[in-house]
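Chemist: Questions regarding the structure given below will be posed in turn.
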Amino acid sequence: MKIQLLSLSLLCSSSVLAQDVTLINPFEVPAVHEKATIEHWEKARDFLETQPGYVSTQLHKSLQPNSTFFLINIAKWESTEDFQRAISNMQKVIPALELDGVKNYPALYEVIRN
């Protein structure tokens with residue numbers, strides 16, 4: 001299945017003000033594709049950390065093998081616009097991951113309570 005790292009049109013609207021945002025991107029990953037998925041994530045991370053507005057990213061792995069979301073990427077960006085620009089740039093350089101059974105569900109979030 002072809003992975004679209006992000007569907008920019010679904011992630012944001014023009015009414016979003018510039019503010020820190022968090023990408024939460026859970027992945028369904030069959031065990032056979034764990035290594036390739038992590039390697040692809042590392043390539044994306046290496047590119048994105050060079051982009052303006054990048055703050056940080058961490059890839060989390062489930063401790064339970066039967067979890068729906070085996071990997072979860074959490075990344076911080078200075079703004080929605082920085083994130084959109086970086087993803088657009090990345091998609092020109094790094095091809096989408098195409099592995100059967102690998103699915104991801106990226107979305108941007110903002111903090112509303114502490």
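Order determines the names: the first chain of the structure tokens is A, the second B, and so forth; residues in each chain are numbered 1 upward, and ligands are numbered 1 upward as they are shown.
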Show which residues sit within 12 Å of A:Ile38, as a list of chain:residue names. Count only C-alpha atoms, and ignore same-chain residues fewer than 6 positions away.
Modeler: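 The residues satisfying every condition are A:Phe27, A:Val29, A:Ala31, A:Val32, A:Ala44, A:Arg45, A:Gln58, A:Leu59, A:His60, A:Lys61, A:Phe70, A:Leu71, A:Ile72, A:Asn73, A:Leu97, A:Val102.
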Chemist: Save out the residues we just selected, N, CA, C and O atoms, as a PDB file, in the first residue's frame.
Modeler:
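Saved result, selection13.pdb, follows:
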ATOM      1  N   PHE A  27       1.433   4.393  13.164  1.00  0.00           N
ATOM      2  CA  PHE A  27       1.641   3.489  12.041  1.00  0.00           C
ATOM      3  C   PHE A  27       1.163   2.082  12.383  1.00  0.00           C
ATOM      4  O   PHE A  27       1.499   1.554  13.451  1.00  0.00           O
ATOM      5  N   VAL A  29       2.073  -1.496  11.331  1.00  0.00           N
ATOM      6  CA  VAL A  29       3.248  -2.063  10.671  1.00  0.00           C
ATOM      7  C   VAL A  29       3.305  -3.571  10.922  1.00  0.00           C
ATOM      8  O   VAL A  29       3.529  -4.002  12.053  1.00  0.00           O
ATOM      9  N   ALA A  31       5.033  -7.055  11.280  1.00  0.00           N
ATOM     10  CA  ALA A  31       6.388  -7.340  11.792  1.00  0.00           C
ATOM     11  C   ALA A  31       7.413  -7.477  10.670  1.00  0.00           C
ATOM     12  O   ALA A  31       8.554  -7.030  10.809  1.00  0.00           O
ATOM     13  N   VAL A  32       7.018  -8.034   9.561  1.00  0.00           N
ATOM     14  CA  VAL A  32       7.938  -8.247   8.452  1.00  0.00           C
ATOM     15  C   VAL A  32       8.464  -6.928   7.875  1.00  0.00           C
ATOM     16  O   VAL A  32       9.535  -6.894   7.266  1.00  0.00           O
ATOM     17  N   ALA A  44      13.423  10.238   6.560  1.00  0.00           N
ATOM     18  CA  ALA A  44      12.539  11.405   6.660  1.00  0.00           C
ATOM     19  C   ALA A  44      12.999  12.321   7.792  1.00  0.00           C
ATOM     20  O   ALA A  44      13.070  13.544   7.623  1.00  0.00           O
ATOM     21  N   ARG A  45      13.308  11.745   8.937  1.00  0.00           N
ATOM     22  CA  ARG A  45      13.783  12.544  10.076  1.00  0.00           C
ATOM     23  C   ARG A  45      15.042  13.319   9.721  1.00  0.00           C
ATOM     24  O   ARG A  45      15.158  14.513  10.003  1.00  0.00           O
ATOM     25  N   GLN A  58      10.378  12.108  17.794  1.00  0.00           N
ATOM     26  CA  GLN A  58      10.690  10.844  18.460  1.00  0.00           C
ATOM     27  C   GLN A  58       9.801   9.760  17.869  1.00  0.00           C
ATOM     28  O   GLN A  58       8.607   9.978  17.645  1.00  0.00           O
ATOM     29  N   LEU A  59      10.404   8.600  17.637  1.00  0.00           N
ATOM     30  CA  LEU A  59       9.646   7.449  17.170  1.00  0.00           C
ATOM     31  C   LEU A  59       9.471   6.500  18.347  1.00  0.00           C
ATOM     32  O   LEU A  59      10.437   6.105  18.988  1.00  0.00           O
ATOM     33  N   HIS A  60       8.233   6.149  18.624  1.00  0.00           N
ATOM     34  CA  HIS A  60       7.891   5.267  19.740  1.00  0.00           C
ATOM     35  C   HIS A  60       7.499   3.903  19.189  1.00  0.00           C
ATOM     36  O   HIS A  60       6.796   3.812  18.182  1.00  0.00           O
ATOM     37  N   LYS A  61       7.928   2.842  19.888  1.00  0.00           N
ATOM     38  CA  LYS A  61       7.586   1.476  19.512  1.00  0.00           C
ATOM     39  C   LYS A  61       6.774   0.846  20.634  1.00  0.00           C
ATOM     40  O   LYS A  61       7.146   0.935  21.806  1.00  0.00           O
ATOM     41  N   PHE A  70       1.860  -0.028  15.972  1.00  0.00           N
ATOM     42  CA  PHE A  70       3.138  -0.565  16.427  1.00  0.00           C
ATOM     43  C   PHE A  70       4.183   0.534  16.598  1.00  0.00           C
ATOM     44  O   PHE A  70       5.010   0.480  17.494  1.00  0.00           O
ATOM     45  N   LEU A  71       4.136   1.539  15.718  1.00  0.00           N
ATOM     46  CA  LEU A  71       5.047   2.682  15.804  1.00  0.00           C
ATOM     47  C   LEU A  71       4.217   3.958  15.854  1.00  0.00           C
ATOM     48  O   LEU A  71       3.191   4.066  15.179  1.00  0.00           O
ATOM     49  N   ILE A  72       4.684   4.916  16.639  1.00  0.00           N
ATOM     50  CA  ILE A  72       4.034   6.230  16.676  1.00  0.00           C
ATOM     51  C   ILE A  72       5.125   7.297  16.640  1.00  0.00           C
ATOM     52  O   ILE A  72       6.027   7.311  17.478  1.00  0.00           O
ATOM     53  N   ASN A  73       5.022   8.165  15.648  1.00  0.00           N
ATOM     54  CA  ASN A  73       5.945   9.286  15.516  1.00  0.00           C
ATOM     55  C   ASN A  73       5.287  10.520  16.132  1.00  0.00           C
ATOM     56  O   ASN A  73       4.136  10.833  15.843  1.00  0.00           O
ATOM     57  N   LEU A  97       6.837   5.622   1.064  1.00  0.00           N
ATOM     58  CA  LEU A  97       7.053   4.233   1.459  1.00  0.00           C
ATOM     59  C   LEU A  97       5.903   3.391   0.914  1.00  0.00           C
ATOM     60  O   LEU A  97       4.738   3.712   1.131  1.00  0.00           O
ATOM     61  N   VAL A 102       1.389  -1.620   5.565  1.00  0.00           N
ATOM     62  CA  VAL A 102       1.853  -0.476   6.344  1.00  0.00           C
ATOM     63  C   VAL A 102       0.924   0.699   6.064  1.00  0.00           C
ATOM     64  O   VAL A 102       0.721   1.093   4.921  1.00  0.00           O
TER      65      VAL A 102
END
Chemist: If you count only C-alpha atoms, which residues fall within 12 Å of A:Asn25, apart from same-chain ones fewer than 5 positions away, as an mmCIF file with all heavy atoms, in the first residue's frame?
Modeler:
data_model
loop_
_atom_site.group_PDB
_atom_site.id
_atom_site.type_symbol
_atom_site.label_atom_id
_atom_site.label_comp_id
_atom_site.auth_asym_id
_atom_site.auth_seq_id
_atom_site.Cartn_x
_atom_site.Cartn_y
_atom_site.Cartn_z
ATOM 1 N N GLN A 4 1.066 7.779 1.923
ATOM 2 C CA GLN A 4 1.170 9.213 1.743
ATOM 3 C C GLN A 4 1.571 9.745 3.107
ATOM 4 O O GLN A 4 0.793 9.638 4.049
ATOM 5 C CB GLN A 4 -0.170 9.812 1.321
ATOM 6 C CG GLN A 4 -0.596 9.411 -0.058
ATOM 7 C CD GLN A 4 0.366 9.909 -1.125
ATOM 8 O OE1 GLN A 4 1.045 10.910 -0.965
ATOM 9 N NE2 GLN A 4 0.433 9.179 -2.204
ATOM 10 N N LEU A 5 2.784 10.263 3.211
ATOM 11 C CA LEU A 5 3.237 10.718 4.519
ATOM 12 C C LEU A 5 2.272 11.714 5.121
ATOM 13 O O LEU A 5 1.975 11.696 6.293
ATOM 14 C CB LEU A 5 4.630 11.322 4.433
ATOM 15 C CG LEU A 5 5.733 10.320 4.175
ATOM 16 C CD1 LEU A 5 7.076 11.031 4.071
ATOM 17 C CD2 LEU A 5 5.784 9.284 5.266
ATOM 18 N N LEU A 6 1.747 12.600 4.311
ATOM 19 C CA LEU A 6 0.794 13.575 4.830
ATOM 20 C C LEU A 6 -0.103 14.066 3.730
ATOM 21 O O LEU A 6 0.320 14.250 2.610
ATOM 22 C CB LEU A 6 1.548 14.774 5.415
ATOM 23 C CG LEU A 6 2.446 14.388 6.547
ATOM 24 C CD1 LEU A 6 3.385 15.515 6.871
ATOM 25 C CD2 LEU A 6 1.649 14.022 7.748
ATOM 26 N N SER A 7 -1.329 14.269 4.046
ATOM 27 C CA SER A 7 -2.250 14.905 3.117
ATOM 28 C C SER A 7 -2.411 16.341 3.596
ATOM 29 O O SER A 7 -3.174 16.626 4.507
ATOM 30 C CB SER A 7 -3.590 14.186 3.107
ATOM 31 O OG SER A 7 -4.476 14.882 2.297
ATOM 32 N N LEU A 11 -4.694 18.404 6.711
ATOM 33 C CA LEU A 11 -4.040 18.708 7.982
ATOM 34 C C LEU A 11 -4.301 20.116 8.490
ATOM 35 O O LEU A 11 -4.259 20.373 9.671
ATOM 36 C CB LEU A 11 -2.534 18.498 7.867
ATOM 37 C CG LEU A 11 -2.110 17.046 7.779
ATOM 38 C CD1 LEU A 11 -0.608 16.968 7.611
ATOM 39 C CD2 LEU A 11 -2.539 16.271 8.993
ATOM 40 N N TRP A 41 11.587 6.037 8.109
ATOM 41 C CA TRP A 41 11.355 7.113 9.075
ATOM 42 C C TRP A 41 12.664 7.861 9.350
ATOM 43 O O TRP A 41 12.675 9.094 9.433
ATOM 44 C CB TRP A 41 10.783 6.547 10.383
ATOM 45 C CG TRP A 41 10.583 7.590 11.415
ATOM 46 C CD1 TRP A 41 9.484 8.376 11.599
ATOM 47 C CD2 TRP A 41 11.525 8.004 12.431
ATOM 48 N NE1 TRP A 41 9.679 9.245 12.655
ATOM 49 C CE2 TRP A 41 10.930 9.037 13.176
ATOM 50 C CE3 TRP A 41 12.817 7.594 12.767
ATOM 51 C CZ2 TRP A 41 11.572 9.663 14.238
ATOM 52 C CZ3 TRP A 41 13.470 8.221 13.821
ATOM 53 C CH2 TRP A 41 12.830 9.245 14.545
ATOM 54 N N THR A 57 11.669 15.354 17.046
ATOM 55 C CA THR A 57 10.832 14.204 16.717
ATOM 56 C C THR A 57 11.313 12.989 17.496
ATOM 57 O O THR A 57 12.494 12.895 17.833
ATOM 58 C CB THR A 57 10.801 13.901 15.202
ATOM 59 O OG1 THR A 57 9.769 12.952 14.931
ATOM 60 C CG2 THR A 57 12.115 13.358 14.705
ATOM 61 N N GLN A 58 10.378 12.108 17.794
ATOM 62 C CA GLN A 58 10.690 10.844 18.460
ATOM 63 C C GLN A 58 9.801 9.760 17.869
ATOM 64 O O GLN A 58 8.607 9.978 17.645
ATOM 65 C CB GLN A 58 10.412 10.929 19.961
ATOM 66 C CG GLN A 58 11.321 11.884 20.699
ATOM 67 C CD GLN A 58 10.997 11.908 22.185
ATOM 68 O OE1 GLN A 58 9.834 11.892 22.563
ATOM 69 N NE2 GLN A 58 12.015 11.935 23.007
ATOM 70 N N LEU A 59 10.404 8.600 17.637
ATOM 71 C CA LEU A 59 9.646 7.449 17.170
ATOM 72 C C LEU A 59 9.471 6.500 18.347
ATOM 73 O O LEU A 59 10.437 6.105 18.988
ATOM 74 C CB LEU A 59 10.376 6.744 16.026
ATOM 75 C CG LEU A 59 9.628 5.589 15.370
ATOM 76 C CD1 LEU A 59 8.344 6.094 14.698
ATOM 77 C CD2 LEU A 59 10.520 4.884 14.355
ATOM 78 N N HIS A 60 8.233 6.149 18.624
ATOM 79 C CA HIS A 60 7.891 5.267 19.740
ATOM 80 C C HIS A 60 7.499 3.903 19.189
ATOM 81 O O HIS A 60 6.796 3.812 18.182
ATOM 82 C CB HIS A 60 6.713 5.846 20.534
ATOM 83 C CG HIS A 60 6.987 7.208 21.066
ATOM 84 N ND1 HIS A 60 7.334 7.435 22.366
ATOM 85 C CD2 HIS A 60 6.974 8.418 20.453
ATOM 86 C CE1 HIS A 60 7.517 8.733 22.558
ATOM 87 N NE2 HIS A 60 7.310 9.349 21.400
ATOM 88 N N PHE A 69 -1.293 0.136 16.636
ATOM 89 C CA PHE A 69 -0.274 1.063 16.173
ATOM 90 C C PHE A 69 1.062 0.651 16.774
ATOM 91 O O PHE A 69 1.368 0.946 17.925
ATOM 92 C CB PHE A 69 -0.647 2.496 16.526
ATOM 93 C CG PHE A 69 -1.962 2.906 15.931
ATOM 94 C CD1 PHE A 69 -3.031 3.234 16.725
ATOM 95 C CD2 PHE A 69 -2.125 2.919 14.549
ATOM 96 C CE1 PHE A 69 -4.243 3.602 16.173
ATOM 97 C CE2 PHE A 69 -3.340 3.280 13.978
ATOM 98 C CZ PHE A 69 -4.402 3.615 14.793
ATOM 99 N N PHE A 70 1.860 -0.028 15.972
ATOM 100 C CA PHE A 70 3.138 -0.565 16.427
ATOM 101 C C PHE A 70 4.183 0.534 16.598
ATOM 102 O O PHE A 70 5.010 0.480 17.494
ATOM 103 C CB PHE A 70 3.614 -1.620 15.427
ATOM 104 C CG PHE A 70 4.843 -2.340 15.857
ATOM 105 C CD1 PHE A 70 4.819 -3.185 16.960
ATOM 106 C CD2 PHE A 70 6.031 -2.177 15.170
ATOM 107 C CE1 PHE A 70 5.964 -3.850 17.360
ATOM 108 C CE2 PHE A 70 7.176 -2.837 15.567
ATOM 109 C CZ PHE A 70 7.142 -3.684 16.661
ATOM 110 N N LEU A 71 4.136 1.539 15.718
ATOM 111 C CA LEU A 71 5.047 2.682 15.804
ATOM 112 C C LEU A 71 4.217 3.958 15.854
ATOM 113 O O LEU A 71 3.191 4.066 15.179
ATOM 114 C CB LEU A 71 5.971 2.741 14.583
ATOM 115 C CG LEU A 71 6.909 1.561 14.361
ATOM 116 C CD1 LEU A 71 7.617 1.703 13.012
ATOM 117 C CD2 LEU A 71 7.917 1.443 15.492
ATOM 118 N N ILE A 72 4.684 4.916 16.639
ATOM 119 C CA ILE A 72 4.034 6.230 16.676
ATOM 120 C C ILE A 72 5.125 7.297 16.640
ATOM 121 O O ILE A 72 6.027 7.311 17.478
ATOM 122 C CB ILE A 72 3.156 6.411 17.936
ATOM 123 C CG1 ILE A 72 2.020 5.387 17.923
ATOM 124 C CG2 ILE A 72 2.600 7.842 18.001
ATOM 125 C CD1 ILE A 72 1.116 5.434 19.130
ATOM 126 N N ASN A 73 5.022 8.165 15.648
ATOM 127 C CA ASN A 73 5.945 9.286 15.516
ATOM 128 C C ASN A 73 5.287 10.520 16.132
ATOM 129 O O ASN A 73 4.136 10.833 15.843
ATOM 130 C CB ASN A 73 6.239 9.547 14.038
ATOM 131 C CG ASN A 73 7.153 10.731 13.845
ATOM 132 O OD1 ASN A 73 8.145 10.876 14.535
ATOM 133 N ND2 ASN A 73 6.811 11.583 12.912
ATOM 134 N N ILE A 74 6.033 11.214 16.986
ATOM 135 C CA ILE A 74 5.570 12.478 17.555
ATOM 136 C C ILE A 74 6.639 13.517 17.253
ATOM 137 O O ILE A 74 7.800 13.351 17.628
ATOM 138 C CB ILE A 74 5.312 12.359 19.072
ATOM 139 C CG1 ILE A 74 4.234 11.302 19.318
ATOM 140 C CG2 ILE A 74 4.920 13.723 19.653
ATOM 141 C CD1 ILE A 74 3.926 11.030 20.762
ATOM 142 N N ALA A 75 6.237 14.568 16.549
ATOM 143 C CA ALA A 75 7.174 15.608 16.144
ATOM 144 C C ALA A 75 6.632 16.975 16.527
ATOM 145 O O ALA A 75 5.425 17.203 16.515
ATOM 146 C CB ALA A 75 7.408 15.552 14.631
ATOM 147 N N LYS A 76 7.535 17.875 16.857
ATOM 148 C CA LYS A 76 7.179 19.258 17.192
ATOM 149 C C LYS A 76 7.693 20.184 16.093
ATOM 150 O O LYS A 76 8.812 20.031 15.607
ATOM 151 C CB LYS A 76 7.825 19.673 18.526
ATOM 152 C CG LYS A 76 7.420 18.831 19.711
ATOM 153 C CD LYS A 76 6.074 19.238 20.191
ATOM 154 C CE LYS A 76 5.768 18.518 21.498
ATOM 155 N NZ LYS A 76 4.495 18.891 22.034
ATOM 156 N N LYS A 103 0.349 1.237 7.131
ATOM 157 C CA LYS A 103 -0.564 2.377 7.015
ATOM 158 C C LYS A 103 -0.188 3.397 8.080
ATOM 159 O O LYS A 103 0.262 3.022 9.161
ATOM 160 C CB LYS A 103 -2.017 1.947 7.247
ATOM 161 C CG LYS A 103 -2.529 0.920 6.292
ATOM 162 C CD LYS A 103 -3.928 0.506 6.675
ATOM 163 C CE LYS A 103 -4.413 -0.660 5.829
ATOM 164 N NZ LYS A 103 -5.719 -1.143 6.280
ATOM 165 N N ASN A 104 -0.387 4.654 7.767
ATOM 166 C CA ASN A 104 -0.164 5.682 8.781
ATOM 167 C C ASN A 104 -1.306 6.675 8.772
ATOM 168 O O ASN A 104 -2.068 6.768 7.812
ATOM 169 C CB ASN A 104 1.198 6.359 8.617
ATOM 170 C CG ASN A 104 1.295 7.217 7.383
ATOM 171 O OD1 ASN A 104 0.692 6.953 6.361
ATOM 172 N ND2 ASN A 104 2.093 8.259 7.461
ATOM 173 N N TYR A 105 -1.443 7.385 9.880
ATOM 174 C CA TYR A 105 -2.583 8.272 10.103
ATOM 175 C C TYR A 105 -2.100 9.602 10.686
ATOM 176 O O TYR A 105 -2.360 9.905 11.846
ATOM 177 C CB TYR A 105 -3.592 7.602 11.047
ATOM 178 C CG TYR A 105 -4.017 6.235 10.561
ATOM 179 C CD1 TYR A 105 -3.312 5.097 10.929
ATOM 180 C CD2 TYR A 105 -5.107 6.102 9.719
ATOM 181 C CE1 TYR A 105 -3.692 3.840 10.471
ATOM 182 C CE2 TYR A 105 -5.502 4.850 9.255
ATOM 183 C CZ TYR A 105 -4.784 3.725 9.638
ATOM 184 O OH TYR A 105 -5.168 2.487 9.174
ATOM 185 N N PRO A 106 -1.386 10.413 9.891
ATOM 186 C CA PRO A 106 -0.825 11.650 10.409
ATOM 187 C C PRO A 106 -1.872 12.730 10.640
ATOM 188 O O PRO A 106 -2.826 12.861 9.878
ATOM 189 C CB PRO A 106 0.145 12.080 9.315
ATOM 190 C CG PRO A 106 -0.468 11.525 8.069
ATOM 191 C CD PRO A 106 -1.100 10.211 8.478
ATOM 192 N N ALA A 107 -1.663 13.495 11.700
ATOM 193 C CA ALA A 107 -2.518 14.652 11.967
ATOM 194 C C ALA A 107 -1.741 15.645 12.826
ATOM 195 O O ALA A 107 -0.910 15.250 13.649
ATOM 196 C CB ALA A 107 -3.806 14.237 12.662
ATOM 197 N N LEU A 108 -2.019 16.924 12.634
ATOM 198 C CA LEU A 108 -1.413 17.976 13.455
ATOM 199 C C LEU A 108 -2.333 18.297 14.622
ATOM 200 O O LEU A 108 -3.551 18.335 14.471
ATOM 201 C CB LEU A 108 -1.187 19.245 12.636
ATOM 202 C CG LEU A 108 -0.054 19.206 11.623
ATOM 203 C CD1 LEU A 108 0.019 20.541 10.887
ATOM 204 C CD2 LEU A 108 1.264 18.876 12.271
ATOM 205 N N TYR A 109 -1.723 18.583 15.764
ATOM 206 C CA TYR A 109 -2.467 18.916 16.977
ATOM 207 C C TYR A 109 -1.860 20.155 17.612
ATOM 208 O O TYR A 109 -0.682 20.434 17.455
ATOM 209 C CB TYR A 109 -2.400 17.758 17.985
ATOM 210 C CG TYR A 109 -3.071 16.515 17.500
ATOM 211 C CD1 TYR A 109 -2.400 15.610 16.681
ATOM 212 C CD2 TYR A 109 -4.397 16.238 17.842
ATOM 213 C CE1 TYR A 109 -3.039 14.462 16.227
ATOM 214 C CE2 TYR A 109 -5.028 15.093 17.390
ATOM 215 C CZ TYR A 109 -4.335 14.208 16.585
ATOM 216 O OH TYR A 109 -4.963 13.090 16.132
#
Chemist: Using DSSP on the backbone coordinates, identify all residues within chain A classified as strand (DSSP E or B); present the result as an MDAnalysis selection string.
Modeler: chainID A and resid 2 21:28 54:61 71:77 98 103:104 107:109
Chemist: Can you spit out the residues from that selection as a PDB file, in the first residue's frame, using N, CA and C atoms?
Modeler:
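Output file selection.pdb is given in full below:
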ATOM      1  N   LYS A   2       0.538   2.168  -0.818  1.00  0.00           N
ATOM      2  CA  LYS A   2       1.327   3.399  -0.915  1.00  0.00           C
ATOM      3  C   LYS A   2       1.030   4.288   0.286  1.00  0.00           C
ATOM      4  N   VAL A  21       3.057  23.403  16.867  1.00  0.00           N
ATOM      5  CA  VAL A  21       2.148  22.307  16.559  1.00  0.00           C
ATOM      6  C   VAL A  21       2.861  20.980  16.793  1.00  0.00           C
ATOM      7  N   THR A  22       2.060  19.950  17.029  1.00  0.00           N
ATOM      8  CA  THR A  22       2.581  18.610  17.242  1.00  0.00           C
ATOM      9  C   THR A  22       1.993  17.685  16.196  1.00  0.00           C
ATOM     10  N   LEU A  23       2.870  16.984  15.498  1.00  0.00           N
ATOM     11  CA  LEU A  23       2.440  15.936  14.591  1.00  0.00           C
ATOM     12  C   LEU A  23       2.371  14.643  15.394  1.00  0.00           C
ATOM     13  N   ILE A  24       1.234  13.971  15.351  1.00  0.00           N
ATOM     14  CA  ILE A  24       1.105  12.637  15.925  1.00  0.00           C
ATOM     15  C   ILE A  24       0.748  11.725  14.768  1.00  0.00           C
ATOM     16  N   ASN A  25       1.620  10.754  14.501  1.00  0.00           N
ATOM     17  CA  ASN A  25       1.487   9.913  13.322  1.00  0.00           C
ATOM     18  C   ASN A  25       1.633   8.443  13.717  1.00  0.00           C
ATOM     19  N   PRO A  26       0.518   7.766  14.011  1.00  0.00           N
ATOM     20  CA  PRO A  26       0.583   6.343  14.346  1.00  0.00           C
ATOM     21  C   PRO A  26       0.678   5.489  13.078  1.00  0.00           C
ATOM     22  N   PHE A  27       1.433   4.393  13.164  1.00  0.00           N
ATOM     23  CA  PHE A  27       1.641   3.489  12.041  1.00  0.00           C
ATOM     24  C   PHE A  27       1.163   2.082  12.383  1.00  0.00           C
ATOM     25  N   GLU A  28       0.429   1.477  11.467  1.00  0.00           N
ATOM     26  CA  GLU A  28       0.183   0.040  11.502  1.00  0.00           C
ATOM     27  C   GLU A  28       1.325  -0.579  10.701  1.00  0.00           C
ATOM     28  N   TYR A  54      11.639  23.165  12.334  1.00  0.00           N
ATOM     29  CA  TYR A  54      11.714  21.856  12.983  1.00  0.00           C
ATOM     30  C   TYR A  54      12.168  22.035  14.428  1.00  0.00           C
ATOM     31  N   VAL A  55      11.525  21.351  15.355  1.00  0.00           N
ATOM     32  CA  VAL A  55      11.917  21.405  16.760  1.00  0.00           C
ATOM     33  C   VAL A  55      12.475  20.051  17.211  1.00  0.00           C
ATOM     34  N   SER A  56      11.680  18.982  17.047  1.00  0.00           N
ATOM     35  CA  SER A  56      12.130  17.663  17.501  1.00  0.00           C
ATOM     36  C   SER A  56      11.217  16.579  16.950  1.00  0.00           C
ATOM     37  N   THR A  57      11.669  15.354  17.046  1.00  0.00           N
ATOM     38  CA  THR A  57      10.832  14.204  16.717  1.00  0.00           C
ATOM     39  C   THR A  57      11.313  12.989  17.496  1.00  0.00           C
ATOM     40  N   GLN A  58      10.378  12.108  17.794  1.00  0.00           N
ATOM     41  CA  GLN A  58      10.690  10.844  18.460  1.00  0.00           C
ATOM     42  C   GLN A  58       9.801   9.760  17.869  1.00  0.00           C
ATOM     43  N   LEU A  59      10.404   8.600  17.637  1.00  0.00           N
ATOM     44  CA  LEU A  59       9.646   7.449  17.170  1.00  0.00           C
ATOM     45  C   LEU A  59       9.471   6.500  18.347  1.00  0.00           C
ATOM     46  N   HIS A  60       8.233   6.149  18.624  1.00  0.00           N
ATOM     47  CA  HIS A  60       7.891   5.267  19.740  1.00  0.00           C
ATOM     48  C   HIS A  60       7.499   3.903  19.189  1.00  0.00           C
ATOM     49  N   LYS A  61       7.928   2.842  19.888  1.00  0.00           N
ATOM     50  CA  LYS A  61       7.586   1.476  19.512  1.00  0.00           C
ATOM     51  C   LYS A  61       6.774   0.846  20.634  1.00  0.00           C
ATOM     52  N   LEU A  71       4.136   1.539  15.718  1.00  0.00           N
ATOM     53  CA  LEU A  71       5.047   2.682  15.804  1.00  0.00           C
ATOM     54  C   LEU A  71       4.217   3.958  15.854  1.00  0.00           C
ATOM     55  N   ILE A  72       4.684   4.916  16.639  1.00  0.00           N
ATOM     56  CA  ILE A  72       4.034   6.230  16.676  1.00  0.00           C
ATOM     57  C   ILE A  72       5.125   7.297  16.640  1.00  0.00           C
ATOM     58  N   ASN A  73       5.022   8.165  15.648  1.00  0.00           N
ATOM     59  CA  ASN A  73       5.945   9.286  15.516  1.00  0.00           C
ATOM     60  C   ASN A  73       5.287  10.520  16.132  1.00  0.00           C
ATOM     61  N   ILE A  74       6.033  11.214  16.986  1.00  0.00           N
ATOM     62  CA  ILE A  74       5.570  12.478  17.555  1.00  0.00           C
ATOM     63  C   ILE A  74       6.639  13.517  17.253  1.00  0.00           C
ATOM     64  N   ALA A  75       6.237  14.568  16.549  1.00  0.00           N
ATOM     65  CA  ALA A  75       7.174  15.608  16.144  1.00  0.00           C
ATOM     66  C   ALA A  75       6.632  16.975  16.527  1.00  0.00           C
ATOM     67  N   LYS A  76       7.535  17.875  16.857  1.00  0.00           N
ATOM     68  CA  LYS A  76       7.179  19.258  17.192  1.00  0.00           C
ATOM     69  C   LYS A  76       7.693  20.184  16.093  1.00  0.00           C
ATOM     70  N   TRP A  77       6.829  21.158  15.745  1.00  0.00           N
ATOM     71  CA  TRP A  77       7.162  22.162  14.742  1.00  0.00           C
ATOM     72  C   TRP A  77       6.784  23.539  15.283  1.00  0.00           C
ATOM     73  N   GLU A  98       6.238   2.337   0.198  1.00  0.00           N
ATOM     74  CA  GLU A  98       5.210   1.470  -0.379  1.00  0.00           C
ATOM     75  C   GLU A  98       5.435   0.037   0.089  1.00  0.00           C
ATOM     76  N   LYS A 103       0.349   1.237   7.131  1.00  0.00           N
ATOM     77  CA  LYS A 103      -0.564   2.377   7.015  1.00  0.00           C
ATOM     78  C   LYS A 103      -0.188   3.397   8.080  1.00  0.00           C
ATOM     79  N   ASN A 104      -0.387   4.654   7.767  1.00  0.00           N
ATOM     80  CA  ASN A 104      -0.164   5.682   8.781  1.00  0.00           C
ATOM     81  C   ASN A 104      -1.306   6.675   8.772  1.00  0.00           C
ATOM     82  N   ALA A 107      -1.663  13.495  11.700  1.00  0.00           N
ATOM     83  CA  ALA A 107      -2.518  14.652  11.967  1.00  0.00           C
ATOM     84  C   ALA A 107      -1.741  15.645  12.826  1.00  0.00           C
ATOM     85  N   LEU A 108      -2.019  16.924  12.634  1.00  0.00           N
ATOM     86  CA  LEU A 108      -1.413  17.976  13.455  1.00  0.00           C
ATOM     87  C   LEU A 108      -2.333  18.297  14.622  1.00  0.00           C
ATOM     88  N   TYR A 109      -1.723  18.583  15.764  1.00  0.00           N
ATOM     89  CA  TYR A 109      -2.467  18.916  16.977  1.00  0.00           C
ATOM     90  C   TYR A 109      -1.860  20.155  17.612  1.00  0.00           C
TER      91      TYR A 109
END
Chemist: Mind listing the helix (DSSP H, G or I) residues of chain A, per DSSP on the backbone, as a ChimeraX atom specification?
Modeler: /A:8-11,31-48,80-93
Chemist: Work out how far atom CA of A:Ser67 is from atom CA of A:Gln91, in Å to one decimal.
Modeler: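 Here the two named atoms are 28.5 Å from each other.
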